[in-house]
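Report on the following structure.
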Amino acid sequence: MSIRSIFDHLRLVLYLILTILTLVVAFFPEGWLCYYYLTNEPDIVQCLLAPFYLFIMYCVSVLFFGVFHSQVVLRATLPYRINPGIYPHSSIGGRQVAIRLTADGIFKSMLKVFTFIPLVYEAIIFPKLMRLYGFKVGKNVWIGKQTWIDCALVEIGDNSVIGYNTVIGGHSNEGGKIIISPTTIGKNCRIDEYCIIAPGVKMGDNNILEAVSGIIKEGIISPNGVWAGQPAKLLRTRDGFE
């Protein structure tokens, strides 16, 4: 094993250790509160307020974890930007990419705690906080709940809308390899509900993808159109954008 390989493996170990420590520190307040309630005799008011306290603490812990983990732990140990290419699962590069993709996936799951805030989660919390993990998202972007986006590998332009239960990928697993193919959604686009956009898609500006439609891997979608189907085909050009 070469010196470089040993160093790369040590970086993975360091990442896992620092991630666990960050989790412990970030969620220590919740543990302390539970310990306090178990070892003391709180009055009825304190018992009634306990769920509220725990919820507020959890929200703050999620924000702390996301900022520190993405800007310190991730940047110090793993490739922050994932380059397009083919990474065998058995290679150190493949392991780094797999863990890197898992990192923003964990934070995406944590952010679901904020879905109780109508519209704010879709327009502000999810798109802006996922920028911490390399999500390239423009201004005034709205992303519906229950979406799945390869945030580190997807770019969405200004004023675009992503509907509920939509999948936008930037990588695939094929034949024991991770294939990285970043996806780009242009400005002023609307992706309706239950759509699938495969890795490597390049969608131009001012497009509409109608509900329950899909775009094949590496697909090129020209600007100013309305698209639908599996796979999506051009239905018509958009009025005012010809």
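By convention in this document, the chains of the structure tokens carry letters A, B, ... by their order, each chain's residues are numbered from 1, and ligands are numbered from 1 in the order they are shown.
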(Q) Can you tell me which residues surround stretch 48-50 of chain A at a distance of at most 12 Å, considering only C-alpha atoms, apart from same-chain residues fewer than 2 positions away, and format the answer as number ranges by chain? (A) A: 30, 33-38, 42-46, 52-57
Q) Which residues, written as a PyMOL selection string, have at least one atom at most 8 Å from stretch 132-147 of chain A, with only C-alpha atoms counted and residues fewer than 3 positions away on the same chain left out? A) chain A and resi 66-67+70-71+80-81+104+115+122-124+126-129+151-167
Residues from last step as file, C-alpha atoms, as a PDB file, in the first residue's frame:
ATOM      1  CA  GLY A  66     -24.831  21.399   9.365  1.00  0.00           C
ATOM      2  CA  VAL A  67     -22.613  24.471   9.578  1.00  0.00           C
ATOM      3  CA  SER A  70     -19.932  20.971   6.215  1.00  0.00           C
ATOM      4  CA  GLN A  71     -17.535  23.862   6.655  1.00  0.00           C
ATOM      5  CA  TYR A  80     -15.786  19.056  -0.982  1.00  0.00           C
ATOM      6  CA  ARG A  81     -16.405  19.224  -4.746  1.00  0.00           C
ATOM      7  CA  ASP A 104     -25.330  15.738   2.563  1.00  0.00           C
ATOM      8  CA  THR A 115     -41.170  21.018   7.271  1.00  0.00           C
ATOM      9  CA  GLU A 122     -39.493  24.882   0.485  1.00  0.00           C
ATOM     10  CA  ALA A 123     -38.340  28.401  -0.415  1.00  0.00           C
ATOM     11  CA  ILE A 124     -35.684  29.211   2.169  1.00  0.00           C
ATOM     12  CA  PHE A 126     -33.866  23.595   2.217  1.00  0.00           C
ATOM     13  CA  PRO A 127     -32.310  25.443  -0.744  1.00  0.00           C
ATOM     14  CA  LYS A 128     -30.249  27.869   1.299  1.00  0.00           C
ATOM     15  CA  LEU A 129     -28.956  25.476   3.957  1.00  0.00           C
ATOM     16  CA  CYS A 151     -27.514  18.304  -3.860  1.00  0.00           C
ATOM     17  CA  ALA A 152     -23.737  18.217  -4.272  1.00  0.00           C
ATOM     18  CA  LEU A 153     -24.173  17.310  -7.958  1.00  0.00           C
ATOM     19  CA  VAL A 154     -27.137  19.450  -9.012  1.00  0.00           C
ATOM     20  CA  GLU A 155     -27.379  23.072 -10.103  1.00  0.00           C
ATOM     21  CA  ILE A 156     -30.722  24.911 -10.285  1.00  0.00           C
ATOM     22  CA  GLY A 157     -31.064  28.381 -11.812  1.00  0.00           C
ATOM     23  CA  ASP A 158     -32.933  31.424 -10.557  1.00  0.00           C
ATOM     24  CA  ASN A 159     -36.737  31.498 -10.245  1.00  0.00           C
ATOM     25  CA  SER A 160     -37.203  27.764 -10.787  1.00  0.00           C
ATOM     26  CA  VAL A 161     -39.803  25.555  -9.093  1.00  0.00           C
ATOM     27  CA  ILE A 162     -39.363  21.865  -8.248  1.00  0.00           C
ATOM     28  CA  GLY A 163     -42.602  20.021  -7.477  1.00  0.00           C
ATOM     29  CA  TYR A 164     -43.341  17.494  -4.764  1.00  0.00           C
ATOM     30  CA  ASN A 165     -42.047  13.913  -4.908  1.00  0.00           C
ATOM     31  CA  THR A 166     -39.584  14.647  -7.693  1.00  0.00           C
ATOM     32  CA  VAL A 167     -36.178  12.988  -8.096  1.00  0.00           C
TER      33      VAL A 167
END
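Taking atom CA of A:Ala211 and atom CA of A:Ile178 as endpoints, the distance between them is 28.5 Å.
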Q: List the neighbours of A:Leu111 out to 9 Å using only C-alpha atoms; skip same-chain residues closer than 2 positions along the sequence, and give me the result as a PyMOL selection string.
A: chain A and resi 59+62-63+106-109+113-115+121+125-126+129
Q: For A:Glu218, list every protein, DNA or RNA residue within 8 Å, evaluated using only C-alpha atoms, and leave out those in the same chain fewer than 6 positions away; present the list as number ranges by chain.
A: A: 181, 198-202
Saved selection, atoms kept: N, CA and C atoms, as an mmCIF file, in the first residue's frame:
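Result went into out_26.cif, see below:
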data_model
loop_
_atom_site.group_PDB
_atom_site.id
_atom_site.type_symbol
_atom_site.label_atom_id
_atom_site.label_comp_id
_atom_site.auth_asym_id
_atom_site.auth_seq_id
_atom_site.Cartn_x
_atom_site.Cartn_y
_atom_site.Cartn_z
ATOM 1 N N SER A 181 -22.320 12.240 -12.797
ATOM 2 C CA SER A 181 -22.751 13.037 -13.956
ATOM 3 C C SER A 181 -23.627 14.179 -13.459
ATOM 4 N N ALA A 198 -32.821 12.159 -14.652
ATOM 5 C CA ALA A 198 -31.685 11.265 -14.474
ATOM 6 C C ALA A 198 -30.367 12.041 -14.434
ATOM 7 N N PRO A 199 -29.288 11.412 -13.961
ATOM 8 C CA PRO A 199 -27.988 12.079 -13.898
ATOM 9 C C PRO A 199 -27.521 12.570 -15.271
ATOM 10 N N GLY A 200 -26.821 13.697 -15.247
ATOM 11 C CA GLY A 200 -26.217 14.236 -16.448
ATOM 12 C C GLY A 200 -27.125 15.047 -17.336
ATOM 13 N N VAL A 201 -28.358 15.292 -16.909
ATOM 14 C CA VAL A 201 -29.307 16.059 -17.729
ATOM 15 C C VAL A 201 -28.911 17.531 -17.748
ATOM 16 N N LYS A 202 -29.063 18.149 -18.903
ATOM 17 C CA LYS A 202 -28.833 19.585 -19.054
ATOM 18 C C LYS A 202 -30.137 20.203 -19.566
#
Q) In Å to one decimal, how far is atom CA of A:Ile216 from atom CA of A:Gly94? A)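 These two atoms are separated by 23.9 Å.
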Q.
So that I can see what lies close to A:Leu235, please list as number ranges by chain the residues with an atom at most 8 Å from it, counting only C-alpha atoms and leaving out residues fewer than 2 positions away in the same chain.
A. A: 225-228, 233, 237
Q: Compile the contact shell of A:Tyr15 as a PyMOL selection string: residues with an atom at most 9 Å away, counting only C-alpha atoms, same-chain residues fewer than 2 positions apart removed.
A: chain A and resi 10-13+17-20+73-74+76-78
Q) Which parts of stretch 8-214 of chain A does DSSP call alpha helix (DSSP H) when run on the backbone here, written out as a PyMOL selection string? A) chain A and resi 8-26+28-39+44-68+75-77+92-111+120+126-129
Store the residues picked out above, limited to C-alpha atoms, as a PDB file, in the first residue's frame.
ATOM      1  CA  ASP A   8      -6.385   8.713   2.066  1.00  0.00           C
ATOM      2  CA  HIS A   9      -7.580   5.909   4.347  1.00  0.00           C
ATOM      3  CA  LEU A  10      -6.553   7.918   7.387  1.00  0.00           C
ATOM      4  CA  ARG A  11      -8.614  10.833   6.068  1.00  0.00           C
ATOM      5  CA  LEU A  12     -11.691   8.581   5.929  1.00  0.00           C
ATOM      6  CA  VAL A  13     -11.091   7.403   9.501  1.00  0.00           C
ATOM      7  CA  LEU A  14     -10.591  11.010  10.632  1.00  0.00           C
ATOM      8  CA  TYR A  15     -13.822  12.016   8.903  1.00  0.00           C
ATOM      9  CA  LEU A  16     -15.809   9.316  10.707  1.00  0.00           C
ATOM     10  CA  ILE A  17     -14.297  10.213  14.095  1.00  0.00           C
ATOM     11  CA  LEU A  18     -14.894  13.948  13.660  1.00  0.00           C
ATOM     12  CA  THR A  19     -18.438  13.351  12.413  1.00  0.00           C
ATOM     13  CA  ILE A  20     -19.278  11.283  15.497  1.00  0.00           C
ATOM     14  CA  LEU A  21     -17.750  13.931  17.771  1.00  0.00           C
ATOM     15  CA  THR A  22     -19.719  16.651  15.993  1.00  0.00           C
ATOM     16  CA  LEU A  23     -22.937  14.695  16.461  1.00  0.00           C
ATOM     17  CA  VAL A  24     -22.195  14.227  20.166  1.00  0.00           C
ATOM     18  CA  VAL A  25     -21.435  17.919  20.700  1.00  0.00           C
ATOM     19  CA  ALA A  26     -24.354  19.137  18.573  1.00  0.00           C
ATOM     20  CA  PHE A  28     -25.499  17.120  23.826  1.00  0.00           C
ATOM     21  CA  PRO A  29     -28.166  19.613  25.062  1.00  0.00           C
ATOM     22  CA  GLU A  30     -30.958  17.138  24.315  1.00  0.00           C
ATOM     23  CA  GLY A  31     -29.121  14.427  26.239  1.00  0.00           C
ATOM     24  CA  TRP A  32     -28.521  16.749  29.147  1.00  0.00           C
ATOM     25  CA  LEU A  33     -32.196  17.739  29.297  1.00  0.00           C
ATOM     26  CA  CYS A  34     -33.295  14.104  29.289  1.00  0.00           C
ATOM     27  CA  TYR A  35     -30.792  13.359  32.050  1.00  0.00           C
ATOM     28  CA  TYR A  36     -32.109  16.298  34.096  1.00  0.00           C
ATOM     29  CA  TYR A  37     -35.694  15.108  33.848  1.00  0.00           C
ATOM     30  CA  LEU A  38     -34.736  11.548  34.765  1.00  0.00           C
ATOM     31  CA  THR A  39     -32.660  12.492  37.804  1.00  0.00           C
ATOM     32  CA  ILE A  44     -46.084  19.711  36.048  1.00  0.00           C
ATOM     33  CA  VAL A  45     -45.263  22.899  34.117  1.00  0.00           C
ATOM     34  CA  GLN A  46     -41.738  21.697  33.379  1.00  0.00           C
ATOM     35  CA  CYS A  47     -43.087  18.345  32.213  1.00  0.00           C
ATOM     36  CA  LEU A  48     -45.535  20.027  29.864  1.00  0.00           C
ATOM     37  CA  LEU A  49     -42.805  22.276  28.449  1.00  0.00           C
ATOM     38  CA  ALA A  50     -40.267  19.470  28.013  1.00  0.00           C
ATOM     39  CA  PRO A  51     -41.348  18.499  24.434  1.00  0.00           C
ATOM     40  CA  PHE A  52     -41.166  22.152  23.387  1.00  0.00           C
ATOM     41  CA  TYR A  53     -37.687  22.532  24.879  1.00  0.00           C
ATOM     42  CA  LEU A  54     -36.508  19.356  23.163  1.00  0.00           C
ATOM     43  CA  PHE A  55     -37.869  20.461  19.809  1.00  0.00           C
ATOM     44  CA  ILE A  56     -36.181  23.879  19.987  1.00  0.00           C
ATOM     45  CA  MET A  57     -32.917  22.295  21.064  1.00  0.00           C
ATOM     46  CA  TYR A  58     -33.084  19.802  18.222  1.00  0.00           C
ATOM     47  CA  CYS A  59     -33.647  22.549  15.642  1.00  0.00           C
ATOM     48  CA  VAL A  60     -30.663  24.510  16.943  1.00  0.00           C
ATOM     49  CA  SER A  61     -28.539  21.339  17.037  1.00  0.00           C
ATOM     50  CA  VAL A  62     -29.367  20.542  13.403  1.00  0.00           C
ATOM     51  CA  LEU A  63     -28.247  24.004  12.316  1.00  0.00           C
ATOM     52  CA  PHE A  64     -25.046  23.794  14.349  1.00  0.00           C
ATOM     53  CA  PHE A  65     -24.267  20.329  12.985  1.00  0.00           C
ATOM     54  CA  GLY A  66     -24.831  21.399   9.365  1.00  0.00           C
ATOM     55  CA  VAL A  67     -22.613  24.471   9.578  1.00  0.00           C
ATOM     56  CA  PHE A  68     -19.736  22.897  11.510  1.00  0.00           C
ATOM     57  CA  ARG A  75     -13.649  20.418   4.003  1.00  0.00           C
ATOM     58  CA  ALA A  76     -10.780  19.117   6.135  1.00  0.00           C
ATOM     59  CA  THR A  77     -11.168  15.425   5.333  1.00  0.00           C
ATOM     60  CA  ILE A  92     -10.342   4.765  -2.226  1.00  0.00           C
ATOM     61  CA  GLY A  93     -11.812   7.392  -4.542  1.00  0.00           C
ATOM     62  CA  GLY A  94     -15.060   5.445  -4.734  1.00  0.00           C
ATOM     63  CA  ARG A  95     -15.244   5.208  -0.942  1.00  0.00           C
ATOM     64  CA  GLN A  96     -14.596   8.932  -0.592  1.00  0.00           C
ATOM     65  CA  VAL A  97     -17.325   9.777  -3.092  1.00  0.00           C
ATOM     66  CA  ALA A  98     -19.811   7.400  -1.450  1.00  0.00           C
ATOM     67  CA  ILE A  99     -19.207   8.900   1.986  1.00  0.00           C
ATOM     68  CA  ARG A 100     -19.282  12.413   0.561  1.00  0.00           C
ATOM     69  CA  LEU A 101     -22.708  11.789  -0.995  1.00  0.00           C
ATOM     70  CA  THR A 102     -23.928  10.248   2.248  1.00  0.00           C
ATOM     71  CA  ALA A 103     -22.865  13.350   4.172  1.00  0.00           C
ATOM     72  CA  ASP A 104     -25.330  15.738   2.563  1.00  0.00           C
ATOM     73  CA  GLY A 105     -27.942  12.975   2.576  1.00  0.00           C
ATOM     74  CA  ILE A 106     -27.763  12.855   6.378  1.00  0.00           C
ATOM     75  CA  PHE A 107     -28.203  16.610   6.634  1.00  0.00           C
ATOM     76  CA  LYS A 108     -31.124  16.531   4.187  1.00  0.00           C
ATOM     77  CA  SER A 109     -32.855  14.065   6.497  1.00  0.00           C
ATOM     78  CA  MET A 110     -32.208  16.275   9.510  1.00  0.00           C
ATOM     79  CA  LEU A 111     -33.707  19.300   7.785  1.00  0.00           C
ATOM     80  CA  VAL A 120     -40.499  28.596   4.445  1.00  0.00           C
ATOM     81  CA  PHE A 126     -33.866  23.595   2.217  1.00  0.00           C
ATOM     82  CA  PRO A 127     -32.310  25.443  -0.744  1.00  0.00           C
ATOM     83  CA  LYS A 128     -30.249  27.869   1.299  1.00  0.00           C
ATOM     84  CA  LEU A 129     -28.956  25.476   3.957  1.00  0.00           C
TER      85      LEU A 129
END
Q: Compile the contact shell of A:Ala232 as a VMD selection string: residues with an atom at most 10 Å away, counting only C-alpha atoms, same-chain residues fewer than 5 positions apart removed.
A: chain A and resid 195 to 197 209 to 210 212 to 216 219 221 226 to 227
Selection above as a file: C-alpha atoms, as a PDB file, in the first residue's frame:
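Output (again.pdb):
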ATOM      1  CA  CYS A 195     -40.937  13.684 -12.171  1.00  0.00           C
ATOM      2  CA  ILE A 196     -37.600  11.912 -12.568  1.00  0.00           C
ATOM      3  CA  ILE A 197     -34.557  13.684 -13.945  1.00  0.00           C
ATOM      4  CA  LEU A 209     -41.631  19.444 -17.330  1.00  0.00           C
ATOM      5  CA  GLU A 210     -45.171  18.224 -16.746  1.00  0.00           C
ATOM      6  CA  VAL A 212     -45.135  12.199 -13.965  1.00  0.00           C
ATOM      7  CA  SER A 213     -42.531  12.763 -16.677  1.00  0.00           C
ATOM      8  CA  GLY A 214     -38.925  11.671 -16.942  1.00  0.00           C
ATOM      9  CA  ILE A 215     -35.746  12.734 -18.689  1.00  0.00           C
ATOM     10  CA  ILE A 216     -33.243  10.035 -19.606  1.00  0.00           C
ATOM     11  CA  GLY A 219     -30.536  14.115 -21.829  1.00  0.00           C
ATOM     12  CA  ILE A 221     -33.458  19.720 -23.052  1.00  0.00           C
ATOM     13  CA  VAL A 226     -43.141  22.310 -22.502  1.00  0.00           C
ATOM     14  CA  TRP A 227     -42.113  18.667 -22.103  1.00  0.00           C
TER      15      TRP A 227
END
Q.
Please identify the strand (DSSP E) residues within stretch 80-239 of chain A (assignment by DSSP from backbone atoms) and present them as an MDAnalysis selection string.
A. chainID A and resid 85:88 136:137 142:143 148:149 154:156 161:162 167:168 171:174 177:180 183:185 190:191 196:197 202:203 208:209 214:215 220:221 225:228 233:237
Writer output for current selection, C-alpha atoms, as a JSON list (two decimals), in the first residue's frame:
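What follows is the written file result_32.json:
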[["chain", "number", "residue", "atom", "x", "y", "z"],
["A", 85, "GLY", "CA", -16.03, 10.63, -13.61],
["A", 86, "ILE", "CA", -16.19, 6.91, -12.87],
["A", 87, "TYR", "CA", -15.20, 5.69, -9.40],
["A", 88, "PRO", "CA", -14.97, 1.93, -8.69],
["A", 136, "LYS", "CA", -25.68, 25.29, -6.45],
["A", 137, "VAL", "CA", -29.08, 26.93, -6.29],
["A", 142, "TRP", "CA", -38.87, 26.74, -4.50],
["A", 143, "ILE", "CA", -38.35, 23.04, -3.81],
["A", 148, "TRP", "CA", -34.86, 13.75, -3.56],
["A", 149, "ILE", "CA", -31.99, 15.79, -4.99],
["A", 154, "VAL", "CA", -27.14, 19.45, -9.01],
["A", 155, "GLU", "CA", -27.38, 23.07, -10.10],
["A", 156, "ILE", "CA", -30.72, 24.91, -10.28],
["A", 161, "VAL", "CA", -39.80, 25.56, -9.09],
["A", 162, "ILE", "CA", -39.36, 21.87, -8.25],
["A", 167, "VAL", "CA", -36.18, 12.99, -8.10],
["A", 168, "ILE", "CA", -33.17, 14.82, -9.55],
["A", 171, "HIS", "CA", -24.90, 9.98, -9.91],
["A", 172, "SER", "CA", -25.65, 6.34, -10.60],
["A", 173, "ASN", "CA", -24.31, 2.97, -9.45],
["A", 174, "GLU", "CA", -23.55, 0.66, -12.34],
["A", 177, "LYS", "CA", -18.89, 1.73, -10.06],
["A", 178, "ILE", "CA", -20.19, 5.16, -9.05],
["A", 179, "ILE", "CA", -20.70, 7.30, -12.14],
["A", 180, "ILE", "CA", -20.76, 11.01, -11.40],
["A", 183, "THR", "CA", -27.24, 17.74, -13.58],
["A", 184, "THR", "CA", -28.18, 21.32, -14.47],
["A", 185, "ILE", "CA", -31.64, 22.90, -14.38],
["A", 190, "ARG", "CA", -40.88, 24.40, -13.56],
["A", 191, "ILE", "CA", -40.62, 20.72, -12.73],
["A", 196, "ILE", "CA", -37.60, 11.91, -12.57],
["A", 197, "ILE", "CA", -34.56, 13.68, -13.94],
["A", 202, "LYS", "CA", -28.83, 19.59, -19.05],
["A", 203, "MET", "CA", -32.13, 21.50, -19.06],
["A", 208, "ILE", "CA", -41.76, 23.17, -18.06],
["A", 209, "LEU", "CA", -41.63, 19.44, -17.33],
["A", 214, "GLY", "CA", -38.92, 11.67, -16.94],
["A", 215, "ILE", "CA", -35.75, 12.73, -18.69],
["A", 220, "ILE", "CA", -30.32, 17.59, -23.37],
["A", 221, "ILE", "CA", -33.46, 19.72, -23.05],
["A", 225, "GLY", "CA", -40.44, 24.36, -24.16],
["A", 226, "VAL", "CA", -43.14, 22.31, -22.50],
["A", 227, "TRP", "CA", -42.11, 18.67, -22.10],
["A", 228, "ALA", "CA", -43.99, 15.55, -20.99],
["A", 233, "LYS", "CA", -40.77, 14.83, -25.46],
["A", 234, "LEU", "CA", -41.39, 18.38, -26.60],
["A", 235, "LEU", "CA", -45.11, 19.20, -26.70],
["A", 236, "ARG", "CA", -44.87, 22.82, -27.69],
["A", 237, "THR", "CA", -42.78, 25.91, -27.29]]
